[in-house]
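Novice: This structure is in structure tokens; I'll ask about it shortly.
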Amino acid sequence: MASNSDTIYHVLSYIKAHPDKVMNKPAAYDNVVEMYLDDTVKLGNPEIYFPKQKLEVNRMSTDFMSMYSDLLDYFHDKTKVKDANYHELWITTSHLVDRQKYLVDLSFE
């Protein structure tokens with residue numbers, strides 16, 4: 001598991017600022033937001049957070065969640081869960097080379 005990083009914050013900020021560059025997939029679970037970015041988007045540390053054809057699962061720290069609560073609430077509002085009380089955030093990322101996409105999956109627990 002990679003350590004928490006500003007990279008995740010920057011990716012989420014980019015997604016929020018450029019919704020036209022993001023493909024959303026209806027999530028199979030009520031507490032999940034699943035998004036895809038073209039792999040032409042320049043991201044920091046893609047070798048760490050977006051491994052090719054593998055999943056990287058990262059449990060975000062409580063410090064990360066409190067520092068960026070407004071940004072995370074924006075994504076939580078896109079889930080089917082209307083209770084804003086989540087205590088954990090798991091972010092799964094990957095570089096889907098065959099699809100030329102970056103996967104960003106947020107799971108609010």
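Within each chain, counting starts at residue 1; across the structure tokens, chains are named A, B, ... in the order shown, with ligands numbered 1 upward in that order.
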Do you know which residues are at most 6 Å from range 97-102 of chain A counting only C-alpha atoms, after dropping those on the same chain fewer than 2 positions away, and could you put them as an NGL selection string?
Specialist: :A and (36-39 or 94-95)
Novice: I need the strand (DSSP E or B) residues of chain A per DSSP on the backbone, written as a ChimeraX atom specification.
Specialist: /A:22-25,32-38,52,56-59,89-96,101-108
Novice: For each of A:Lys16, A:Arg59, A:Lys42, A:Lys21, take the minimum atom-to-atom distance to Leu72 in chain A, counting only C-alpha atoms, then give the residue where this is smallest.
Specialist: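 The answer is A:Lys16, which sits nearest to Leu72 in chain A.
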Novice: For CA of His76 in chain A and CA of Ile48 in chain A, determine how far apart the two atoms are, in Å to one decimal place.
Specialist: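 CA of Ile48 in chain A lies at a distance of 24.4 Å from CA of His76 in chain A.
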Novice: Go ahead and compute the interatomic distance for CA of Glu109 in chain A and CA of Leu55 in chain A, in Å to one decimal.
Specialist: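 Separation of CA of Glu109 in chain A and CA of Leu55 in chain A: 18.8 Å.
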Novice: Nearest to Leu106 in chain A: which of A:Glu34, A:Glu47, A:Asp83, A:Asp20 is it, counting only C-alpha atoms?
Specialist: A:Glu34
Novice: Could you write out, as a ChimeraX atom specification, all the residues of chain A that DSSP marks as helix (DSSP H, G or I)?
Specialist: /A:6-17,19-21,46-49,62-67,69-76,97-99
